[in-house]
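**Student:** Okay, so here is run-v5.cif, and as you'll see once you scroll down, it has mmCIF, C-alpha atoms.
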```cif
data_target
#
loop_
_atom_site.group_PDB
_atom_site.id
_atom_site.type_symbol
_atom_site.label_atom_id
_atom_site.label_comp_id
_atom_site.auth_asym_id
_atom_site.auth_seq_id
_atom_site.Cartn_x
_atom_site.Cartn_y
_atom_site.Cartn_z
ATOM 1 C CA ASP A 1232 -91.223 1.654 -140.405
ATOM 2 C CA PRO A 1233 -89.171 -0.640 -142.723
ATOM 3 C CA ASP A 1234 -86.741 2.164 -143.597
ATOM 4 C CA TYR A 1235 -85.833 2.773 -139.956
ATOM 5 C CA CYS A 1236 -85.466 -0.962 -139.408
ATOM 6 C CA ARG A 1237 -83.015 -1.123 -142.319
ATOM 7 C CA ILE A 1238 -81.027 1.796 -140.851
ATOM 8 C CA ALA A 1239 -80.896 0.065 -137.472
ATOM 9 C CA GLY A 1240 -79.897 -3.182 -139.218
ATOM 10 C CA ARG A 1241 -77.027 -1.522 -141.102
ATOM 11 C CA PHE A 1242 -75.904 0.103 -137.857
ATOM 12 C CA ALA A 1243 -75.916 -3.249 -136.054
ATOM 13 C CA SER A 1244 -73.822 -4.687 -138.911
ATOM 14 C CA GLY A 1245 -71.110 -2.059 -138.409
ATOM 15 C CA ASP A 1246 -72.243 0.643 -140.828
ATOM 16 C CA PHE A 1247 -71.705 3.522 -138.409
ATOM 17 C CA ALA A 1248 -72.262 6.091 -141.171
ATOM 18 C CA SER A 1249 -75.982 5.353 -140.882
ATOM 19 C CA ARG A 1250 -78.113 8.264 -139.683
ATOM 20 C CA MET A 1251 -81.750 8.351 -138.635
ATOM 21 C CA ASP A 1252 -84.165 11.038 -139.775
ATOM 22 C CA PHE A 1253 -87.902 10.722 -139.091
ATOM 23 C CA GLY A 1254 -88.774 13.543 -141.454
ATOM 24 C CA LYS A 1255 -90.160 17.022 -140.945
ATOM 25 C CA TYR A 1256 -93.451 15.974 -139.359
ATOM 26 C CA TYR A 1257 -92.098 13.505 -136.776
ATOM 27 C CA ASN A 1258 -89.034 15.622 -136.003
ATOM 28 C CA ASN A 1259 -91.404 18.193 -134.523
ATOM 29 C CA ILE A 1260 -92.435 15.612 -131.919
ATOM 30 C CA PRO A 1261 -89.961 15.813 -128.981
ATOM 31 C CA ALA A 1262 -89.836 12.033 -128.382
ATOM 32 C CA PHE A 1263 -88.967 11.240 -132.018
ATOM 33 C CA ARG A 1264 -86.455 14.102 -132.234
ATOM 34 C CA SER A 1265 -84.764 12.946 -129.010
ATOM 35 C CA LEU A 1266 -84.583 9.366 -130.324
ATOM 36 C CA SER A 1267 -83.016 10.391 -133.640
ATOM 37 C CA ASP A 1268 -80.572 12.787 -131.956
ATOM 38 C CA THR A 1269 -79.444 10.094 -129.505
ATOM 39 C CA PHE A 1270 -79.102 7.477 -132.252
ATOM 40 C CA ASN A 1271 -77.141 9.826 -134.533
ATOM 41 C CA LYS A 1272 -74.833 10.949 -131.737
ATOM 42 C CA LEU A 1273 -74.066 7.317 -130.852
ATOM 43 C CA ALA A 1274 -73.480 6.482 -134.530
ATOM 44 C CA MET A 1275 -71.115 9.445 -134.914
ATOM 45 C CA GLU A 1276 -69.064 8.456 -131.850
ATOM 46 C CA LEU A 1277 -68.763 4.854 -133.054
ATOM 47 C CA GLN A 1278 -67.834 6.042 -136.546
ATOM 48 C CA ASN A 1279 -65.127 8.260 -135.043
ATOM 49 C CA THR A 1280 -63.847 5.309 -133.006
ATOM 50 C CA GLU A 1281 -63.532 3.306 -136.213
ATOM 51 C CA LEU A 1282 -61.705 6.229 -137.868
ATOM 52 C CA LEU A 1283 -59.401 6.347 -134.850
ATOM 53 C CA ARG A 1284 -58.413 2.726 -135.434
ATOM 54 C CA HIS A 1285 -57.971 3.199 -139.187
ATOM 55 C CA ASP A 1286 -56.012 6.457 -138.919
ATOM 56 C CA PHE A 1287 -53.777 5.131 -136.159
ATOM 57 C CA ILE A 1288 -52.726 2.171 -138.292
ATOM 58 C CA ASN A 1289 -51.973 4.451 -141.262
ATOM 59 C CA ASN A 1290 -50.107 7.007 -139.150
ATOM 60 C CA PHE A 1291 -48.234 4.288 -137.320
ATOM 61 C CA SER A 1292 -46.865 2.728 -140.506
ATOM 62 C CA HIS A 1293 -46.004 6.147 -141.958
ATOM 63 C CA GLU A 1294 -44.162 7.666 -139.006
ATOM 64 C CA PHE A 1295 -42.603 4.631 -137.338
ATOM 65 C CA LYS A 1296 -40.653 3.258 -140.283
ATOM 66 C CA THR A 1297 -37.510 5.371 -139.756
ATOM 67 C CA PRO A 1298 -36.758 4.486 -136.098
ATOM 68 C CA ILE A 1299 -37.603 0.824 -136.724
ATOM 69 C CA VAL A 1300 -35.124 0.699 -139.610
ATOM 70 C CA SER A 1301 -32.506 2.397 -137.405
ATOM 71 C CA ILE A 1302 -33.013 -0.060 -134.539
ATOM 72 C CA THR A 1303 -32.798 -3.025 -136.944
ATOM 73 C CA GLY A 1304 -29.607 -1.672 -138.505
ATOM 74 C CA PHE A 1305 -27.842 -1.081 -135.182
ATOM 75 C CA ALA A 1306 -28.972 -4.493 -133.883
ATOM 76 C CA LYS A 1307 -27.471 -6.198 -136.966
ATOM 77 C CA LEU A 1308 -24.185 -4.373 -136.432
ATOM 78 C CA LEU A 1309 -24.079 -5.573 -132.817
ATOM 79 C CA LYS A 1310 -24.961 -9.112 -133.899
ATOM 80 C CA ASN A 1311 -22.141 -9.231 -136.463
ATOM 81 C CA GLY A 1312 -19.573 -8.473 -133.781
ATOM 82 C CA ASN A 1313 -15.987 -7.261 -134.408
ATOM 83 C CA LEU A 1314 -16.789 -3.962 -132.668
ATOM 84 C CA THR A 1315 -14.859 -1.967 -130.152
ATOM 85 C CA GLU A 1316 -16.402 -1.415 -126.730
ATOM 86 C CA GLU A 1317 -16.894 2.245 -127.630
ATOM 87 C CA GLU A 1318 -18.795 1.317 -130.810
ATOM 88 C CA LYS A 1319 -20.964 -1.161 -128.902
ATOM 89 C CA GLN A 1320 -21.958 1.483 -126.361
ATOM 90 C CA ALA A 1321 -22.696 3.988 -129.124
ATOM 91 C CA TYR A 1322 -24.993 1.528 -130.936
ATOM 92 C CA ILE A 1323 -26.733 0.517 -127.709
ATOM 93 C CA CYS A 1324 -27.351 4.192 -126.886
ATOM 94 C CA ALA A 1325 -28.732 4.741 -130.403
ATOM 95 C CA ILE A 1326 -31.108 1.787 -130.032
ATOM 96 C CA GLU A 1327 -32.250 3.118 -126.658
ATOM 97 C CA GLU A 1328 -32.877 6.605 -128.060
ATOM 98 C CA GLU A 1329 -34.792 5.274 -131.081
ATOM 99 C CA SER A 1330 -36.869 3.017 -128.814
ATOM 100 C CA MET A 1331 -37.797 5.996 -126.642
ATOM 101 C CA ARG A 1332 -38.646 7.918 -129.794
ATOM 102 C CA LEU A 1333 -40.977 5.111 -130.882
ATOM 103 C CA SER A 1334 -42.709 5.232 -127.514
ATOM 104 C CA SER A 1335 -43.123 9.002 -127.765
ATOM 105 C CA LEU A 1336 -44.432 8.744 -131.326
ATOM 106 C CA ALA A 1337 -46.982 6.127 -130.298
ATOM 107 C CA THR A 1338 -48.311 8.428 -127.572
ATOM 108 C CA ASN A 1339 -48.396 11.468 -129.846
ATOM 109 C CA VAL A 1340 -50.078 9.717 -132.776
ATOM 110 C CA LEU A 1341 -52.709 8.134 -130.521
ATOM 111 C CA ASN A 1342 -53.480 11.445 -128.803
ATOM 112 C CA LEU A 1343 -53.586 13.284 -132.128
ATOM 113 C CA THR A 1344 -56.028 10.866 -133.708
ATOM 114 C CA ARG A 1345 -58.085 10.636 -130.528
ATOM 115 C CA VAL A 1346 -58.609 14.389 -130.398
ATOM 116 C CA GLU A 1347 -59.237 14.793 -134.126
ATOM 117 C CA ASN A 1348 -62.002 12.198 -134.199
ATOM 118 C CA GLN A 1349 -63.642 12.853 -130.839
ATOM 119 C CA SER A 1350 -66.557 15.241 -130.996
ATOM 120 C CA ILE A 1351 -67.341 14.860 -127.290
ATOM 121 C CA LEU A 1352 -64.311 15.571 -125.099
ATOM 122 C CA SER A 1353 -64.401 13.554 -121.883
ATOM 123 C CA ASP A 1354 -62.638 13.818 -118.498
ATOM 124 C CA ILE A 1355 -63.204 17.571 -118.162
ATOM 125 C CA THR A 1356 -62.064 18.984 -114.807
ATOM 126 C CA LYS A 1357 -61.321 22.415 -113.377
ATOM 127 C CA TYR A 1358 -57.641 22.870 -112.539
ATOM 128 C CA ASN A 1359 -54.759 25.364 -112.303
ATOM 129 C CA VAL A 1360 -53.388 25.613 -115.855
ATOM 130 C CA SER A 1361 -50.616 28.016 -114.769
ATOM 131 C CA GLU A 1362 -49.183 25.304 -112.527
ATOM 132 C CA GLN A 1363 -49.437 22.853 -115.427
ATOM 133 C CA ILE A 1364 -47.409 25.144 -117.704
ATOM 134 C CA ARG A 1365 -44.701 25.528 -115.054
ATOM 135 C CA SER A 1366 -44.653 21.752 -114.589
ATOM 136 C CA ALA A 1367 -44.217 21.220 -118.356
ATOM 137 C CA ILE A 1368 -41.208 23.561 -118.303
ATOM 138 C CA LEU A 1369 -39.644 21.604 -115.429
ATOM 139 C CA ILE A 1370 -40.170 18.302 -117.235
ATOM 140 C CA LEU A 1371 -38.064 19.671 -120.123
ATOM 141 C CA GLU A 1372 -35.345 21.139 -117.870
ATOM 142 C CA SER A 1373 -32.548 18.966 -119.266
ATOM 143 C CA LYS A 1374 -33.245 20.273 -122.783
ATOM 144 C CA TRP A 1375 -33.343 24.005 -122.044
ATOM 145 C CA THR A 1376 -30.400 23.960 -119.643
ATOM 146 C CA LYS A 1377 -28.267 22.244 -122.301
ATOM 147 C CA LYS A 1378 -28.863 25.210 -124.656
ATOM 148 C CA ASN A 1379 -28.854 27.793 -121.871
ATOM 149 C CA VAL A 1380 -32.374 28.874 -122.810
ATOM 150 C CA GLU A 1381 -34.224 31.009 -120.267
ATOM 151 C CA PHE A 1382 -37.967 31.533 -119.892
ATOM 152 C CA SER A 1383 -39.906 34.766 -119.601
ATOM 153 C CA LEU A 1384 -43.276 33.943 -118.020
ATOM 154 C CA GLU A 1385 -46.166 36.369 -117.970
ATOM 155 C CA PHE A 1386 -49.339 34.995 -116.402
ATOM 156 C CA ASP A 1387 -51.214 34.906 -113.107
ATOM 157 C CA GLU A 1388 -52.761 31.852 -111.485
ATOM 158 C CA ILE A 1389 -55.425 30.759 -113.981
ATOM 159 C CA LYS A 1390 -57.998 28.012 -113.558
ATOM 160 C CA ILE A 1391 -59.768 26.497 -116.564
ATOM 161 C CA GLU A 1392 -62.087 23.580 -117.346
ATOM 162 C CA ALA A 1393 -60.421 21.157 -119.760
ATOM 163 C CA ASN A 1394 -59.040 17.664 -120.253
ATOM 164 C CA GLU A 1395 -55.934 18.026 -118.085
ATOM 165 C CA GLU A 1396 -53.989 15.058 -119.470
ATOM 166 C CA LEU A 1397 -54.421 15.977 -123.146
ATOM 167 C CA LEU A 1398 -53.650 19.656 -122.560
ATOM 168 C CA LYS A 1399 -50.505 18.686 -120.645
ATOM 169 C CA GLN A 1400 -49.282 16.941 -123.800
ATOM 170 C CA VAL A 1401 -50.066 20.070 -125.840
ATOM 171 C CA PHE A 1402 -47.943 22.276 -123.571
ATOM 172 C CA ILE A 1403 -45.057 19.795 -123.472
ATOM 173 C CA ASN A 1404 -45.055 19.515 -127.266
ATOM 174 C CA LEU A 1405 -45.179 23.286 -127.828
ATOM 175 C CA ILE A 1406 -42.488 24.093 -125.259
ATOM 176 C CA ASP A 1407 -40.277 21.218 -126.429
ATOM 177 C CA ASN A 1408 -40.569 22.485 -130.003
ATOM 178 C CA ALA A 1409 -39.769 26.053 -128.937
ATOM 179 C CA ILE A 1410 -36.619 24.877 -127.152
ATOM 180 C CA LYS A 1411 -35.556 22.657 -130.043
ATOM 181 C CA PHE A 1412 -35.627 25.523 -132.527
ATOM 182 C CA SER A 1413 -34.211 28.193 -130.212
ATOM 183 C CA LYS A 1414 -30.709 29.546 -130.537
ATOM 184 C CA ASN A 1415 -28.265 28.922 -127.709
ATOM 185 C CA ASP A 1416 -28.273 31.568 -124.960
ATOM 186 C CA SER A 1417 -31.720 32.866 -125.967
ATOM 187 C CA TYR A 1418 -35.082 32.926 -124.230
ATOM 188 C CA VAL A 1419 -38.628 31.659 -124.715
ATOM 189 C CA ASP A 1420 -41.526 33.970 -123.935
ATOM 190 C CA ILE A 1421 -44.726 32.381 -122.590
ATOM 191 C CA ARG A 1422 -47.933 34.298 -121.940
ATOM 192 C CA ALA A 1423 -51.361 33.148 -120.785
ATOM 193 C CA GLN A 1424 -54.539 34.990 -119.936
ATOM 194 C CA ILE A 1425 -58.312 34.868 -119.996
ATOM 195 C CA VAL A 1426 -59.756 37.029 -122.798
ATOM 196 C CA SER A 1427 -63.546 37.357 -123.102
ATOM 197 C CA GLY A 1428 -64.019 34.121 -121.200
ATOM 198 C CA ARG A 1429 -61.491 32.189 -123.300
ATOM 199 C CA PHE A 1430 -58.068 30.890 -122.308
ATOM 200 C CA VAL A 1431 -55.366 32.351 -124.574
ATOM 201 C CA PHE A 1432 -51.842 30.865 -124.600
ATOM 202 C CA SER A 1433 -48.895 32.144 -126.632
ATOM 203 C CA ILE A 1434 -45.298 30.967 -126.872
ATOM 204 C CA THR A 1435 -42.475 32.735 -128.730
ATOM 205 C CA ASN A 1436 -38.909 31.587 -129.282
ATOM 206 C CA HIS A 1437 -35.927 33.176 -131.006
ATOM 207 C CA GLY A 1438 -34.566 31.025 -133.783
ATOM 208 C CA THR A 1439 -34.520 30.760 -137.549
ATOM 209 C CA GLU A 1440 -37.608 32.317 -139.124
ATOM 210 C CA ILE A 1441 -40.079 29.921 -140.732
ATOM 211 C CA SER A 1442 -40.166 30.341 -144.502
ATOM 212 C CA GLU A 1443 -43.370 31.483 -146.193
ATOM 213 C CA ASP A 1444 -43.676 28.122 -147.969
ATOM 214 C CA ASP A 1445 -43.315 26.198 -144.698
ATOM 215 C CA LYS A 1446 -45.908 28.386 -142.970
ATOM 216 C CA LYS A 1447 -48.524 26.975 -145.350
ATOM 217 C CA LYS A 1448 -47.681 23.435 -144.266
ATOM 218 C CA ILE A 1449 -46.980 23.656 -140.531
ATOM 219 C CA PHE A 1450 -50.419 22.322 -139.588
ATOM 220 C CA ASN A 1451 -50.090 19.284 -141.869
ATOM 221 C CA LYS A 1452 -49.697 15.988 -140.062
ATOM 222 C CA PHE A 1453 -46.074 15.041 -139.396
ATOM 223 C CA TYR A 1454 -44.693 18.046 -141.292
ATOM 224 C CA GLN A 1455 -41.614 19.463 -139.610
#
```
So that I can check it, write out the structure of this file as structure tokens.
**Tutor:**
Amino acid sequence: DPDYCRIAGRFASGDFASRMDFGKYYNNIPAFRSLSDTFNKLAMELQNTELLRHDFINNFSHEFKTPIVSITGFAKLLKNGNLTEEEKQAYICAIEEESMRLSSLATNVLNLTRVENQSILSDITKYNVSEQIRSAILILESKWTKKNVEFSLEFDEIKIEANEELLKQVFINLIDNAIKFSKNDSYVDIRAQIVSGRFVFSITNHGTEISEDDKKKIFNKFYQ
């Protein structure tokens, strides 16, 4: 059929928004329905890959400007000279911290865009998520010990099927955020359980309450 050839041609040319539909009659035939489903699923995944590239470039330029400007500014100060040894060390430390922040941002933005545009989640394994949560807490030990924040954990050993690497980043981000906005000498409460076949995770800290206006925006990209 010429129409299907044109769709396949547009797809081959990079138009991943193309979708195949054989119509009501042919869609009732298993072979045709399977072909269209497979083609459309492939097109959707390739379209999402293209969105991943586009969104990453946009997010990169938006979020990375501040640390890059900071690094450039401190580097110029070091280049100009006439600094005390104490000032040099302070600027070098600032450049190191901003560089690490850039690395962290790159990982976070890539993971964010990858998850948002991926309809089929790969690398699913069964593992102990309780151990993963405890590991995430240990990774952040230097941050919670500095503020004397303690943890109240309430969960048994739980095994789930998920993408272990991506979920690890979720737990680290949530716990890191809870520590960051906790008061000194407070505690963070973490609970996990299986409810009706679903894994439920909750984390509560004790800090300044989020305003009603901010609550409407907390799920916006890069809003803090």
**Student:** Name the residues that the PyMOL selection byres ((chain A and resi 1323-1326) around 8) pulls out of this structure, and write them as a VMD selection string.
**Tutor:** chain A and resid 1301 to 1302 1305 to 1306 1319 to 1322 1327 to 1330
**Student:** Taking the file as shown, find all residues satisfying the PyMOL selection byres ((chain A and resi 1417-1424) around 7) and write them as a PyMOL selection string.
**Tutor:** chain A and resi 1380-1386+1413-1416+1425-1426+1430-1437
**Student:** Write out as a list in words which residues come within 8 Å of A:Thr1356 when counting all atoms listed in the file, dropping same-chain ones fewer than 5 positions away.
**Tutor:**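 These residues fall inside the cut-off: Glu1392, Ala1393, Asn1394 and Glu1395 of chain A.
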**Student:** Would you mind exporting C-alpha atoms of the selected residues as a compact mmCIF listing (two decimals), in the coordinates of the input?
**Tutor:**
```txt
# COMPACT_ATOMS: atom_id res chain seq x y z
CA GLU A 1392 -62.09 23.58 -117.35
CA ALA A 1393 -60.42 21.16 -119.76
CA ASN A 1394 -59.04 17.66 -120.25
CA GLU A 1395 -55.93 18.03 -118.08
```
**Student:** Suppose you want the space between atom CA of A:Leu1369 and atom CA of A:Ile1403; what is it in Å?
**Tutor:** 9.9 Å
**Student:** Measure the distance from atom CA of A:Leu1371 to atom CA of A:Ser1335 in Å and round it to one decimal.
**Tutor:**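 Between atom CA of A:Leu1371 and atom CA of A:Ser1335 the gap works out to 14.1 Å.
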**Student:** I'd like the interatomic distance between atom CA of A:Met1275 and atom CA of A:Leu1341, to a tenth of an Å.
**Tutor:**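 Separation between atom CA of A:Met1275 and atom CA of A:Leu1341: 19.0 Å.
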**Student:** As a check of understanding, name the residues that the PyMOL selection byres ((chain A and resi 1361) around 8) selects in the supplied structure, as a list in words.
**Tutor:**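 Applying the expression gives Asn1359, Val1360, Glu1362, Gln1363, Ile1364, Arg1365, Phe1386, Asp1387, Glu1388, Ile1389, Lys1390 and Ala1423 of chain A.
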**Student:** Can you tell me, as a PyMOL selection string, what residues are no more than 8 Å from A:Ile1406 when counting only C-alpha atoms, ignoring any on the same chain fewer than 2 positions away?
**Tutor:** chain A and resi 1367-1368+1402-1404+1408-1410+1434
